[in-house]
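Visitor: Below is query12.txt; it holds compact mmCIF, C-alpha atoms and all ligand atoms.
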# COMPACT_ATOMS: atom_id res chain seq x y z
CA MET A 21 67.40 111.19 94.14
CA THR A 22 68.81 109.95 90.86
CA THR A 23 67.13 111.18 87.72
CA ALA A 24 66.14 108.49 85.21
CA ILE A 25 68.12 108.40 81.99
CA ILE A 26 66.17 109.73 79.01
CA ASP A 27 66.82 107.08 76.37
CA ILE A 28 66.10 108.34 72.87
CA ARG A 29 68.55 106.11 70.99
CA SER A 30 65.68 104.33 69.23
CA ASP A 31 61.95 103.65 69.29
CA THR A 32 62.90 100.01 69.94
CA VAL A 33 63.83 100.74 73.59
CA THR A 34 60.19 100.94 74.70
CA LYS A 35 59.15 98.36 77.27
CA PRO A 36 55.78 96.59 77.16
CA VAL A 37 53.27 98.62 79.21
CA PRO A 38 51.21 96.88 81.94
CA GLY A 39 48.14 96.54 79.68
CA MET A 40 50.26 94.91 76.97
CA ARG A 41 51.78 92.50 79.49
CA ARG A 42 48.29 91.57 80.69
CA ALA A 43 47.15 90.93 77.10
CA MET A 44 50.20 88.69 76.63
CA ALA A 45 49.53 86.78 79.85
CA GLU A 46 45.91 86.20 78.92
CA ALA A 47 46.42 85.35 75.22
CA GLU A 48 44.60 82.31 73.87
CA VAL A 49 47.30 80.14 72.27
CA GLY A 50 47.91 76.97 70.25
CA ASP A 51 50.81 75.37 68.40
CA ASP A 52 51.25 77.54 65.33
CA VAL A 53 53.40 74.98 63.50
CA LEU A 54 50.91 72.14 64.12
CA ASP A 55 47.34 73.38 64.03
CA GLY A 56 47.61 77.10 64.38
CA ASP A 57 47.67 79.71 67.12
CA PRO A 58 44.35 81.61 67.35
CA THR A 59 45.85 84.92 68.54
CA THR A 60 48.52 84.84 65.82
CA ARG A 61 45.76 84.19 63.25
CA ARG A 62 43.83 87.20 64.59
CA LEU A 63 46.91 89.41 64.32
CA GLU A 64 47.61 88.24 60.76
CA GLU A 65 44.00 88.88 59.71
CA ARG A 66 43.97 92.30 61.37
CA THR A 67 47.29 93.24 59.76
CA ALA A 68 46.17 92.15 56.28
CA GLU A 69 42.95 94.11 56.73
CA LEU A 70 44.78 97.27 57.89
CA LEU A 71 47.32 97.05 55.08
CA GLY A 72 44.79 96.06 52.42
CA THR A 73 46.67 92.92 51.39
CA GLU A 74 45.49 89.37 50.67
CA ARG A 75 47.49 87.85 53.50
CA ALA A 76 49.91 88.64 56.31
CA LEU A 77 52.35 86.42 58.18
CA PHE A 78 53.75 87.02 61.67
CA PHE A 79 57.53 87.01 62.14
CA PRO A 80 59.72 87.18 65.24
CA THR A 81 61.73 90.05 63.70
CA GLY A 82 61.64 92.48 60.83
CA THR A 83 65.02 91.26 59.70
CA MET A 84 63.73 87.70 59.26
CA ALA A 85 60.68 89.03 57.42
CA ASN A 86 62.89 91.13 55.09
CA GLN A 87 65.15 88.15 54.40
CA SER A 88 62.21 85.83 53.79
CA ALA A 89 60.75 88.36 51.35
CA ILE A 90 64.04 88.65 49.47
CA TRP A 91 64.23 84.85 49.36
CA ALA A 92 60.66 84.60 48.02
CA LEU A 93 60.95 87.42 45.46
CA SER A 94 64.40 86.82 43.95
CA SER A 95 66.37 83.87 42.63
CA PRO A 96 69.94 82.76 43.39
CA GLY A 97 72.56 84.22 41.09
CA SER A 98 70.49 87.28 40.23
CA GLU A 99 70.82 90.91 41.27
CA ILE A 100 68.52 92.91 43.48
CA PHE A 101 68.42 96.71 43.80
CA ALA A 102 68.64 98.38 47.20
CA HIS A 103 69.66 101.83 48.40
CA ASP A 104 73.19 101.95 49.83
CA ASP A 105 71.88 103.34 53.12
CA SER A 106 68.99 100.88 53.51
CA HIS A 107 68.43 98.57 56.47
CA ILE A 108 68.79 95.56 54.16
CA VAL A 109 72.27 96.70 53.14
CA ASN A 110 73.49 98.08 56.47
CA TRP A 111 72.11 95.92 59.24
CA GLU A 112 71.19 92.47 57.98
CA MET A 113 74.57 90.72 57.98
CA ALA A 114 74.76 90.39 54.18
CA GLY A 115 71.77 88.06 54.48
CA ALA A 116 70.70 88.66 50.88
CA ALA A 117 74.01 87.15 49.72
CA ALA A 118 74.27 84.46 52.40
CA LEU A 119 70.66 83.26 52.40
CA ALA A 120 69.07 84.13 49.05
CA GLY A 121 72.32 83.92 47.03
CA VAL A 122 71.82 87.28 45.35
CA GLN A 123 74.13 90.19 44.65
CA VAL A 124 72.96 93.61 45.73
CA ARG A 125 73.31 96.34 43.12
CA LEU A 126 73.47 99.50 45.20
CA VAL A 127 71.39 102.51 44.30
CA THR A 128 73.61 105.40 45.39
CA GLY A 129 73.35 109.14 45.86
CA GLY A 130 70.86 111.03 47.99
CA PRO A 131 69.31 109.99 51.28
CA ARG A 132 66.86 107.52 49.64
CA ILE A 133 66.01 106.03 46.24
CA THR A 134 64.64 108.43 43.65
CA ARG A 135 63.62 107.77 40.05
CA GLU A 136 66.87 109.37 38.90
CA SER A 137 69.16 107.33 41.16
CA PHE A 138 67.30 104.11 40.34
CA ALA A 139 67.55 104.81 36.60
CA ARG A 140 71.32 105.38 36.99
CA ALA A 141 71.74 101.98 38.70
CA VAL A 142 69.95 100.03 35.95
CA ARG A 143 72.21 98.53 33.29
CA PRO A 144 71.10 97.61 29.77
CA PRO A 145 70.14 93.93 29.49
CA SER A 146 73.07 91.77 28.40
CA ARG A 147 73.83 88.07 28.27
CA ASP A 148 77.07 88.94 30.05
CA ALA A 149 75.34 90.50 33.08
CA ALA A 150 73.38 88.84 35.84
CA HIS A 151 69.66 89.31 35.40
CA THR A 152 67.83 91.42 37.93
CA THR A 153 64.87 90.18 39.96
CA LEU A 154 63.90 92.58 42.72
CA LEU A 155 63.66 96.23 43.70
CA CYS A 156 63.78 96.90 47.47
CA LEU A 157 62.26 100.13 48.76
CA GLU A 158 62.16 101.48 52.33
CA ASN A 159 59.47 103.80 53.75
CA THR A 160 59.98 105.60 56.03
CA HIS A 161 63.69 105.55 55.33
CA ASN A 162 65.50 104.97 58.60
CA GLY A 163 69.01 105.97 57.49
CA ALA A 164 67.61 109.22 56.11
CA GLY A 165 66.06 110.10 59.49
CA GLY A 166 62.59 108.64 59.09
CA MET A 167 62.13 110.35 55.72
CA VAL A 168 58.80 109.71 53.97
CA THR A 169 58.59 108.77 50.31
CA PRO A 170 55.20 110.17 49.24
CA VAL A 171 52.90 107.56 47.73
CA ASP A 172 52.95 109.06 44.21
CA GLU A 173 56.71 108.77 44.13
CA LEU A 174 56.63 105.27 45.59
CA ALA A 175 54.13 104.24 42.91
CA ALA A 176 56.33 105.74 40.17
CA LEU A 177 59.39 103.85 41.47
CA SER A 178 57.38 100.66 41.67
CA ALA A 179 56.10 101.13 38.09
CA MET A 180 59.68 101.62 36.87
CA GLY A 181 60.67 98.39 38.59
CA ARG A 182 57.72 96.46 37.21
CA ASP A 183 58.42 97.76 33.69
CA LEU A 184 61.86 96.17 34.06
CA GLY A 185 60.20 92.89 35.05
CA LEU A 186 61.24 93.19 38.70
CA ASN A 187 59.35 92.17 41.80
CA VAL A 188 58.99 94.98 44.31
CA PHE A 189 59.53 94.71 48.07
CA LEU A 190 58.75 97.43 50.60
CA ASP A 191 60.60 97.49 53.92
CA GLY A 192 57.91 99.35 55.82
CA ALA A 193 59.15 98.81 59.38
CA ARG A 194 57.83 102.33 60.05
CA LEU A 195 55.15 102.48 57.34
CA TRP A 196 52.72 103.32 60.17
CA ASN A 197 54.63 106.60 60.63
CA ALA A 198 54.54 107.36 56.89
CA SER A 199 50.78 106.92 56.87
CA VAL A 200 50.21 109.03 59.99
CA ALA A 201 52.54 111.80 58.74
CA THR A 202 50.93 112.08 55.30
CA GLY A 203 47.35 110.95 55.87
CA THR A 204 47.86 108.43 53.06
CA PRO A 205 46.06 105.12 53.72
CA LEU A 206 48.40 102.21 54.42
CA ALA A 207 46.84 100.26 51.54
CA ALA A 208 47.95 102.89 49.02
CA PHE A 209 51.57 102.25 50.02
CA THR A 210 51.31 98.45 50.09
CA ALA A 211 49.70 98.47 46.61
CA CYS A 212 53.14 99.55 45.31
CA ALA A 213 54.76 96.25 46.34
CA ASP A 214 54.38 92.48 46.07
CA ALA A 215 55.09 92.26 49.78
CA THR A 216 55.57 94.77 52.62
CA MET A 217 57.22 94.32 56.02
CA VAL A 218 55.81 96.19 59.01
CA SER A 219 57.27 96.22 62.53
CA PHE A 220 55.40 95.91 65.82
CA SER A 221 58.44 96.64 67.99
CA LYS A 222 59.20 100.21 66.92
CA GLY A 223 56.65 102.96 67.49
CA LEU A 224 53.90 100.50 68.39
CA GLY A 225 55.85 99.48 71.49
CA GLY A 226 55.76 95.68 71.23
CA PRO A 227 58.64 93.62 72.68
CA VAL A 228 59.44 91.92 69.33
CA GLY A 229 57.64 91.14 66.11
CA ALA A 230 56.93 92.05 62.53
CA ALA A 231 54.65 90.96 59.72
CA LEU A 232 55.09 90.37 56.03
CA ALA A 233 51.94 91.33 54.13
CA GLY A 234 51.17 90.95 50.47
CA ARG A 235 49.92 88.70 47.70
CA ALA A 236 48.86 85.25 48.92
CA ASP A 237 51.31 83.37 46.67
CA VAL A 238 54.25 85.48 47.91
CA ILE A 239 53.26 84.98 51.54
CA GLU A 240 53.02 81.22 50.98
CA GLU A 241 56.62 81.23 49.67
CA ALA A 242 57.66 83.38 52.64
CA TRP A 243 56.05 80.83 54.99
CA MET A 244 58.54 78.25 53.71
CA ALA A 245 61.45 80.66 54.05
CA ARG A 246 60.40 81.53 57.61
CA LYS A 247 60.41 77.85 58.54
CA ARG A 248 63.78 77.34 56.85
CA PHE A 249 65.31 80.28 58.73
CA GLY A 250 64.11 78.85 62.02
CA GLY A 251 61.13 81.14 62.46
CA GLY A 252 58.33 78.57 62.78
CA MET A 253 56.95 79.51 66.20
CA ARG A 254 54.74 77.49 68.53
CA GLN A 255 52.63 79.44 71.10
CA SER A 256 53.41 82.67 69.28
CA GLY A 257 50.08 84.13 70.41
CA VAL A 258 51.83 85.45 73.53
CA LEU A 259 53.83 87.73 71.21
CA ALA A 260 51.01 88.34 68.72
CA ALA A 261 48.86 89.58 71.62
CA ALA A 262 51.45 92.29 72.29
CA ALA A 263 51.39 93.33 68.63
CA LEU A 264 47.58 93.45 68.61
CA TYR A 265 47.68 95.60 71.74
CA GLY A 266 50.19 97.95 70.06
CA LEU A 267 47.97 98.33 66.98
CA GLU A 268 44.94 99.00 69.16
CA HIS A 269 46.45 101.38 71.72
CA HIS A 270 49.63 102.91 70.32
CA TYR A 271 48.92 103.56 66.63
CA ASP A 272 46.76 106.59 67.25
CA ARG A 273 49.45 108.29 69.33
CA LEU A 274 52.26 108.13 66.75
CA HIS A 275 51.51 111.73 65.77
CA GLU A 276 52.73 112.71 69.26
CA ASP A 277 56.16 111.27 68.44
CA HIS A 278 56.20 113.31 65.24
CA ALA A 279 55.28 116.50 67.10
CA ASN A 280 57.93 115.75 69.74
CA ALA A 281 60.54 115.24 67.00
CA ALA A 282 59.71 118.61 65.45
CA ARG A 283 59.99 120.33 68.86
CA PHE A 284 63.24 118.49 69.66
CA ALA A 285 64.81 119.53 66.34
CA GLU A 286 63.67 123.11 66.86
CA ILE A 287 65.36 123.39 70.29
CA VAL A 288 68.57 121.59 69.27
CA GLY A 289 68.73 123.75 66.12
CA GLU A 290 69.22 126.85 68.29
CA ALA A 291 72.77 125.63 69.04
CA PRO A 292 75.42 127.05 66.69
CA ARG A 293 77.20 123.70 66.33
CA ALA A 294 74.09 121.61 65.54
CA ARG A 295 72.41 121.08 62.17
CA PRO A 296 69.32 118.94 62.81
CA VAL A 297 67.64 117.52 59.70
CA LYS A 298 64.02 118.68 59.71
CA PRO A 299 62.11 115.51 60.64
CA ASP A 300 59.24 114.06 58.54
CA THR A 301 58.30 111.66 61.37
CA GLY A 302 59.71 110.71 64.79
CA ILE A 303 63.43 110.40 64.00
CA VAL A 304 65.83 113.34 64.26
CA MET A 305 69.30 113.21 62.71
CA ILE A 306 71.69 115.88 63.97
CA ASP A 307 74.83 116.79 62.03
CA LEU A 308 77.55 118.15 64.28
CA ILE A 309 79.99 120.93 63.58
CA GLY A 310 83.38 120.99 65.27
CA THR A 311 82.84 117.90 67.42
CA ASP A 312 82.45 114.20 66.85
CA SER A 313 79.42 112.12 67.70
CA GLY A 314 81.20 109.86 70.21
CA THR A 315 82.28 112.84 72.30
CA LEU A 316 78.82 114.38 72.18
CA ALA A 317 77.06 111.10 73.03
CA SER A 318 79.32 110.57 76.09
CA ALA A 319 78.81 114.14 77.29
CA ALA A 320 75.04 113.79 76.84
CA LEU A 321 75.00 110.50 78.75
CA ALA A 322 76.88 112.14 81.62
CA ARG A 323 73.92 114.55 81.77
CA GLY A 324 71.31 111.78 81.59
CA VAL A 325 70.49 111.69 77.87
CA ARG A 326 71.20 108.73 75.64
CA VAL A 327 71.42 109.29 71.85
CA SER A 328 72.75 107.02 69.09
CA VAL A 329 76.06 107.53 67.35
CA TRP A 330 75.05 107.28 63.68
CA THR A 331 78.22 108.32 61.85
CA ALA A 332 81.39 110.10 63.01
CA THR A 333 79.61 113.46 62.80
CA ARG A 334 75.93 112.53 63.02
CA VAL A 335 73.84 111.45 66.02
CA ARG A 336 70.30 110.10 65.95
CA ALA A 337 67.44 110.67 68.38
CA VAL A 338 64.11 108.85 68.11
CA MET A 339 60.90 109.80 69.86
CA HIS A 340 58.71 107.08 71.36
CA LEU A 341 55.95 106.28 73.82
CA ASP A 342 58.25 106.00 76.84
CA VAL A 343 59.33 109.67 76.69
CA THR A 344 57.07 112.59 77.57
CA ARG A 345 57.04 116.03 75.95
CA ALA A 346 58.80 117.42 79.06
CA GLN A 347 61.57 114.80 78.82
CA VAL A 348 61.98 115.48 75.10
CA GLU A 349 62.35 119.20 75.75
CA HIS A 350 64.80 118.56 78.59
CA ALA A 351 66.92 116.23 76.39
CA ALA A 352 66.91 118.81 73.58
CA MET A 353 68.09 121.53 75.96
CA VAL A 354 70.93 119.31 77.19
CA LEU A 355 72.13 118.82 73.59
CA ARG A 356 71.65 122.52 72.85
CA ASP A 357 73.87 123.42 75.82
CA LEU A 358 76.55 120.92 74.82
CA LEU A 359 76.59 122.24 71.25
CA SER A 360 76.65 125.93 72.11
C1 LIG B 1 64.12 97.90 62.69
C2 LIG B 1 64.13 97.78 61.21
C3 LIG B 1 64.18 96.52 60.60
C4 LIG B 1 64.40 95.22 61.36
O1 LIG B 1 63.49 94.93 62.34
P1 LIG B 1 63.94 93.99 63.57
O2 LIG B 1 62.64 93.54 64.14
O3 LIG B 1 64.75 94.85 64.49
O4 LIG B 1 64.73 92.86 63.00
C5 LIG B 1 64.14 96.48 59.21
N1 LIG B 1 64.03 97.61 58.49
C6 LIG B 1 63.96 98.83 59.04
C7 LIG B 1 63.81 100.03 58.17
C8 LIG B 1 64.03 98.96 60.42
O5 LIG B 1 64.00 100.18 60.97
When written as structure tokens, how does the structure in this file appear?

Guide:
Amino acid sequence: MTTAIIDIRSDTVTKPVPGMRRAMAEAEVGDDVLDGDPTTRRLEERTAELLGTERALFFPTGTMANQSAIWALSSPGSEIFAHDDSHIVNWEMAGAAALAGVQVRLVTGGPRITRESFARAVRPPSRDAAHTTLLCLENTHNGAGGMVTPVDELAALSAMGRDLGLNVFLDGARLWNASVATGTPLAAFTACADATMVSFSKGLGGPVGAALAGRADVIEEAWMARKRFGGGMRQSGVLAAAALYGLEHHYDRLHEDHANAARFAEIVGEAPRARPVKPDTGIVMIDLIGTDSGTLASAALARGVRVSVWTATRVRAVMHLDVTRAQVEHAAMVLRDLLS
């Protein structure tokens, strides 16, 4: 008998469960570019209600939603602020430059933006410097291992940005996790931004999909950007049905991923050559001592555990609905052995 691989590279590896596939097959649909898709409308209304925003718009991916938000909230030839380890900077193909025509001024130092690092990145206004239009925040912060920015701090960052005349965007792909981990209502986070992106294909287990939620005028601008970027979708209700199913059935279990992450980090941390970062949510970053991440990832795979190579000396493991507590503990023990 072959044992199944335990894949904890990302919470994006989850496959649609049978109930989700049934909801997709049975979705009521229409042409969303012509007269509207009823299931997509239901998802957008439900998302806006959950996030406490005026409107929400469904996107095929979080990346397209982020890029549409940057397009809507900045202007060509201006600067936008983003953390140097943010998704927008690392994994979106320089889209801010290529699509919105903006230059990113990196906020550096520390695992995520703080008031101090943001203040350091701001330059005094000058007619010889590009003007600045947008502050991009990320919560939870993926590159920092799913780190939560508490809502008070997010509000303070947002207020600093607004005082400088900036729009504020929140990449909240895993905002669900921030809310579950802190007990802070989603609406308190989204109130800090003009628009917020949330993902349906991470912890919620959908096959694809994201939403941009925020002020109605911003969402209307983003609608145009989505169309321009090729994201006007027809019978999108098949996908929206999966997202609705994820909200309904998988939101309330996210705390299990967080508990699994804590247990995973605890077991791996018993190894002398592992330094796991204590997780806020479902992502565990492990810094390695005396070995490199490629070597460790290959050795783990040979023993049936798949983790992500994050940097030369850091691997990432993400808990999700397709791994049980027993599998998480088994995977952690494999890494503990390899790092002992
Ligand atoms: C996954 C992710 C995205 C992009 O979402 P896709 O649907 O994969 O394009 C954006 N930001 C963060 C923080 C993410 O984790």

Visitor: Quick check, in Å to one decimal: how far apart do atom CA of Phe249 of chain A and atom CA of Leu71 of chain A lie?

Guide: 24.9 Å

Visitor: Pick out the residues sitting within 10 Å of segment 49-58 of chain A, and hand them over as a PyMOL selection string; count all atoms listed in the file, and ignore anything fewer than 3 positions along from it in its own chain.

Guide: chain A and resi 46+61-64+247+251-258+260-261

Visitor: Okay, now the selection with C-alpha atoms, as an mmCIF file, keeping the file's coordinate frame?

Guide:
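The result, stored in out.cif:
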data_model
loop_
_atom_site.group_PDB
_atom_site.id
_atom_site.type_symbol
_atom_site.label_atom_id
_atom_site.label_comp_id
_atom_site.auth_asym_id
_atom_site.auth_seq_id
_atom_site.Cartn_x
_atom_site.Cartn_y
_atom_site.Cartn_z
ATOM 1 C CA GLU A 46 45.910 86.200 78.920
ATOM 2 C CA ARG A 61 45.760 84.190 63.250
ATOM 3 C CA ARG A 62 43.830 87.200 64.590
ATOM 4 C CA LEU A 63 46.910 89.410 64.320
ATOM 5 C CA GLU A 64 47.610 88.240 60.760
ATOM 6 C CA LYS A 247 60.410 77.850 58.540
ATOM 7 C CA GLY A 251 61.130 81.140 62.460
ATOM 8 C CA GLY A 252 58.330 78.570 62.780
ATOM 9 C CA MET A 253 56.950 79.510 66.200
ATOM 10 C CA ARG A 254 54.740 77.490 68.530
ATOM 11 C CA GLN A 255 52.630 79.440 71.100
ATOM 12 C CA SER A 256 53.410 82.670 69.280
ATOM 13 C CA GLY A 257 50.080 84.130 70.410
ATOM 14 C CA VAL A 258 51.830 85.450 73.530
ATOM 15 C CA ALA A 260 51.010 88.340 68.720
ATOM 16 C CA ALA A 261 48.860 89.580 71.620
#

Visitor: Restricting the calculation to only C-alpha atoms and all ligand atoms: of A:Ala193, A:Val188, A:Val238, A:Ala176, which residue gets closest to ligand LIG 1 (chain B)?

Guide: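 Closest residue, counting only C-alpha atoms and all ligand atoms: A:Ala193.
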
Visitor: So, counting only C-alpha atoms, which residue among A:Glu65, A:Asp104, A:Glu158, A:Glu241 is closest to Asp191 of chain A?

Guide: A:Glu158

Visitor: Write out as JSON an axis-aligned box for ligand LIG 1 (chain B): all of its atoms listed in the file, 5 Å added on each side, centre and edge lengths in Å with one decimal.

Guide:
{"center_x": 63.7, "center_y": 96.5, "center_z": 61.3, "size_x": 12.1, "size_y": 17.3, "size_z": 16.3}

Visitor: Counting all atoms listed in the file, which residues of chain A sit at most 10 Å from some atom of ligand LIG 1 (chain B), and what is each one's closest atom pair with its distance in Å to one decimal, listed by chain and rising residue number, as JSON lines?

Guide:
{"residue": "A:Ser30", "atom": "CA", "partner": "B:LIG1", "partner_atom": "C1", "distance": 9.3}
{"residue": "A:Asp31", "atom": "CA", "partner": "B:LIG1", "partner_atom": "C1", "distance": 9.0}
{"residue": "A:Thr32", "atom": "CA", "partner": "B:LIG1", "partner_atom": "C1", "distance": 7.6}
{"residue": "A:Phe79", "atom": "CA", "partner": "B:LIG1", "partner_atom": "O2", "distance": 8.5}
{"residue": "A:Pro80", "atom": "CA", "partner": "B:LIG1", "partner_atom": "O2", "distance": 7.1}
{"residue": "A:Thr81", "atom": "CA", "partner": "B:LIG1", "partner_atom": "O2", "distance": 3.6}
{"residue": "A:Gly82", "atom": "CA", "partner": "B:LIG1", "partner_atom": "O1", "distance": 3.4}
{"residue": "A:Thr83", "atom": "CA", "partner": "B:LIG1", "partner_atom": "O4", "distance": 3.7}
{"residue": "A:Met84", "atom": "CA", "partner": "B:LIG1", "partner_atom": "O4", "distance": 6.5}
{"residue": "A:Ala85", "atom": "CA", "partner": "B:LIG1", "partner_atom": "O4", "distance": 7.9}
{"residue": "A:Asn86", "atom": "CA", "partner": "B:LIG1", "partner_atom": "C5", "distance": 6.9}
{"residue": "A:Gln87", "atom": "CA", "partner": "B:LIG1", "partner_atom": "C5", "distance": 9.7}
{"residue": "A:Ser106", "atom": "CA", "partner": "B:LIG1", "partner_atom": "C7", "distance": 7.0}
{"residue": "A:His107", "atom": "CA", "partner": "B:LIG1", "partner_atom": "N1", "distance": 4.9}
{"residue": "A:Ile108", "atom": "CA", "partner": "B:LIG1", "partner_atom": "N1", "distance": 6.8}
{"residue": "A:Val109", "atom": "CA", "partner": "B:LIG1", "partner_atom": "N1", "distance": 9.9}
{"residue": "A:Asn110", "atom": "CA", "partner": "B:LIG1", "partner_atom": "N1", "distance": 9.7}
{"residue": "A:Trp111", "atom": "CA", "partner": "B:LIG1", "partner_atom": "C5", "distance": 8.0}
{"residue": "A:Glu112", "atom": "CA", "partner": "B:LIG1", "partner_atom": "C4", "distance": 8.1}
{"residue": "A:Leu157", "atom": "CA", "partner": "B:LIG1", "partner_atom": "C7", "distance": 9.5}
{"residue": "A:Glu158", "atom": "CA", "partner": "B:LIG1", "partner_atom": "C7", "distance": 6.2}
{"residue": "A:Asn159", "atom": "CA", "partner": "B:LIG1", "partner_atom": "C7", "distance": 7.3}
{"residue": "A:Thr160", "atom": "CA", "partner": "B:LIG1", "partner_atom": "C7", "distance": 7.1}
{"residue": "A:His161", "atom": "CA", "partner": "B:LIG1", "partner_atom": "C7", "distance": 6.2}
{"residue": "A:Asn162", "atom": "CA", "partner": "B:LIG1", "partner_atom": "C7", "distance": 5.2}
{"residue": "A:Gly163", "atom": "CA", "partner": "B:LIG1", "partner_atom": "C7", "distance": 7.9}
{"residue": "A:Gly166", "atom": "CA", "partner": "B:LIG1", "partner_atom": "C7", "distance": 8.7}
{"residue": "A:Leu190", "atom": "CA", "partner": "B:LIG1", "partner_atom": "C7", "distance": 9.5}
{"residue": "A:Asp191", "atom": "CA", "partner": "B:LIG1", "partner_atom": "N1", "distance": 5.7}
{"residue": "A:Gly192", "atom": "CA", "partner": "B:LIG1", "partner_atom": "C7", "distance": 6.4}
{"residue": "A:Ala193", "atom": "CA", "partner": "B:LIG1", "partner_atom": "C6", "distance": 4.8}
{"residue": "A:Arg194", "atom": "CA", "partner": "B:LIG1", "partner_atom": "O5", "distance": 6.6}
{"residue": "A:Leu195", "atom": "CA", "partner": "B:LIG1", "partner_atom": "C7", "distance": 9.0}
{"residue": "A:Met217", "atom": "CA", "partner": "B:LIG1", "partner_atom": "C5", "distance": 7.9}
{"residue": "A:Val218", "atom": "CA", "partner": "B:LIG1", "partner_atom": "C5", "distance": 8.3}
{"residue": "A:Ser219", "atom": "CA", "partner": "B:LIG1", "partner_atom": "O2", "distance": 6.2}
{"residue": "A:Phe220", "atom": "CA", "partner": "B:LIG1", "partner_atom": "O2", "distance": 7.8}
{"residue": "A:Ser221", "atom": "CA", "partner": "B:LIG1", "partner_atom": "O2", "distance": 6.5}
{"residue": "A:Lys222", "atom": "CA", "partner": "B:LIG1", "partner_atom": "C1", "distance": 6.9}
{"residue": "A:Pro227", "atom": "CA", "partner": "B:LIG1", "partner_atom": "O2", "distance": 9.4}
{"residue": "A:Val228", "atom": "CA", "partner": "B:LIG1", "partner_atom": "O2", "distance": 6.3}
{"residue": "A:Gly229", "atom": "CA", "partner": "B:LIG1", "partner_atom": "O2", "distance": 5.9}
{"residue": "A:Ala230", "atom": "CA", "partner": "B:LIG1", "partner_atom": "O2", "distance": 6.1}
{"residue": "A:Ala231", "atom": "CA", "partner": "B:LIG1", "partner_atom": "O2", "distance": 9.5}

Visitor: Which polymer residues have any atom within 7 Å of an atom of segment 311-326 of chain A, counting all atoms listed in the file, with same-chain residues fewer than 3 positions away left out, as a ChimeraX atom specification?

Guide: /A:25-29,308,329,332-335,351,354-355

Visitor: Would you work out the distance separating atom CA of Gly39 of chain A from atom CA of Leu267 of chain A, expressed in Å to one decimal?

Guide: 12.8 Å

Visitor: Record the distance separating atom CA of Arg248 of chain A and atom CA of Ala150 of chain A, expressed in Å with one decimal.

Guide: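 Going from atom CA of Arg248 of chain A over to atom CA of Ala150 of chain A, I get 25.8 Å.
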
Visitor: With only C-alpha atoms as the counted atoms, please give the residues lying no more than 10 Å from Ser360 of chain A, apart from itself and same-chain residues fewer than 4 positions off, as a ChimeraX atom specification.

Guide: /A:288,290-294,355-356

Visitor: Measuring between all atoms listed in the file, which one of A:Met40, A:Glu74, A:Ile287, A:Arg143 shows the shortest distance to Glu268 of chain A?

Guide: A:Met40

Visitor: Just want the 12 Å neighbourhood of His269 of chain A, counted on only C-alpha atoms, with same-chain residues fewer than 3 positions away dropped. Output as a tab-separated table (two decimals) with C-alpha atoms, keeping the file's coordinate frame.

Guide:
chain	number	residue	atom	x	y	z
A	36	PRO	CA	55.78	96.59	77.16
A	37	VAL	CA	53.27	98.62	79.21
A	39	GLY	CA	48.14	96.54	79.68
A	40	MET	CA	50.26	94.91	76.97
A	43	ALA	CA	47.15	90.93	77.10
A	223	GLY	CA	56.65	102.96	67.49
A	224	LEU	CA	53.90	100.50	68.39
A	225	GLY	CA	55.85	99.48	71.49
A	226	GLY	CA	55.76	95.68	71.23
A	262	ALA	CA	51.45	92.29	72.29
A	263	ALA	CA	51.39	93.33	68.63
A	264	LEU	CA	47.58	93.45	68.61
A	265	TYR	CA	47.68	95.60	71.74
A	266	GLY	CA	50.19	97.95	70.06
A	272	ASP	CA	46.76	106.59	67.25
A	273	ARG	CA	49.45	108.29	69.33
A	274	LEU	CA	52.26	108.13	66.75
A	341	LEU	CA	55.95	106.28	73.82

Visitor: So which residues are close to (61.3, 100.3, 44.5), meaning at most 7 Å away in the file's coordinates with only C-alpha atoms counted, and can you show them as a list in words?

Guide: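 Collected hits near the coordinates: Leu155, Cys156, Leu157, Leu174, Leu177, Ser178, Gly181, Val188 and Phe189 of chain A.
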
Visitor: Save out the residues we just selected, C-alpha atoms, as a PDB file, in the frame of the given file.

Guide:
ATOM      1  CA  LEU A 155      63.660  96.230  43.700  1.00  0.00           C
ATOM      2  CA  CYS A 156      63.780  96.900  47.470  1.00  0.00           C
ATOM      3  CA  LEU A 157      62.260 100.130  48.760  1.00  0.00           C
ATOM      4  CA  LEU A 174      56.630 105.270  45.590  1.00  0.00           C
ATOM      5  CA  LEU A 177      59.390 103.850  41.470  1.00  0.00           C
ATOM      6  CA  SER A 178      57.380 100.660  41.670  1.00  0.00           C
ATOM      7  CA  GLY A 181      60.670  98.390  38.590  1.00  0.00           C
ATOM      8  CA  VAL A 188      58.990  94.980  44.310  1.00  0.00           C
ATOM      9  CA  PHE A 189      59.530  94.710  48.070  1.00  0.00           C
TER      10      PHE A 189
END

Visitor: Name the residues, using the chain letters and numbers of the file, that sit within 12 Å of (51.7, 114.2, 69.1) when counting only C-alpha atoms, and give them as a list in words.

Guide: Asn197, Val200, Ala201, His270, Tyr271, Asp272, Arg273, Leu274, His275, Glu276, Asp277, His278, Ala279, Asn280, Ala281, Ala282, Arg283, Thr301, Gly302, Met339, His340, Leu341, Val343, Thr344, Arg345 and Val348 of chain A

Visitor: Point out the residue among A:His350, A:Met305, A:Ala175, A:Gly115 with the least atom-to-atom distance to Val327 of chain A, counting all atoms listed in the file.

Guide: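 Between A:His350, A:Met305, A:Ala175, A:Gly115, the residue approaching Val327 of chain A most closely is A:Met305.
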
Visitor: Which of these residues is nearest to Ala211 of chain A, using only C-alpha atoms: A:Thr73, A:Thr331, A:Thr67, A:Thr59?

Guide: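 Once distances to Ala211 of chain A are computed over only C-alpha atoms, the minimum belongs to A:Thr73.
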
Visitor: Of the residues A:Ala346, A:Ile90, A:Ala47, A:Leu232, which is the one nearest to Ala118 of chain A, using only C-alpha atoms?

Guide: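 Using only C-alpha atoms, Ala118 of chain A sits closest to A:Ile90.
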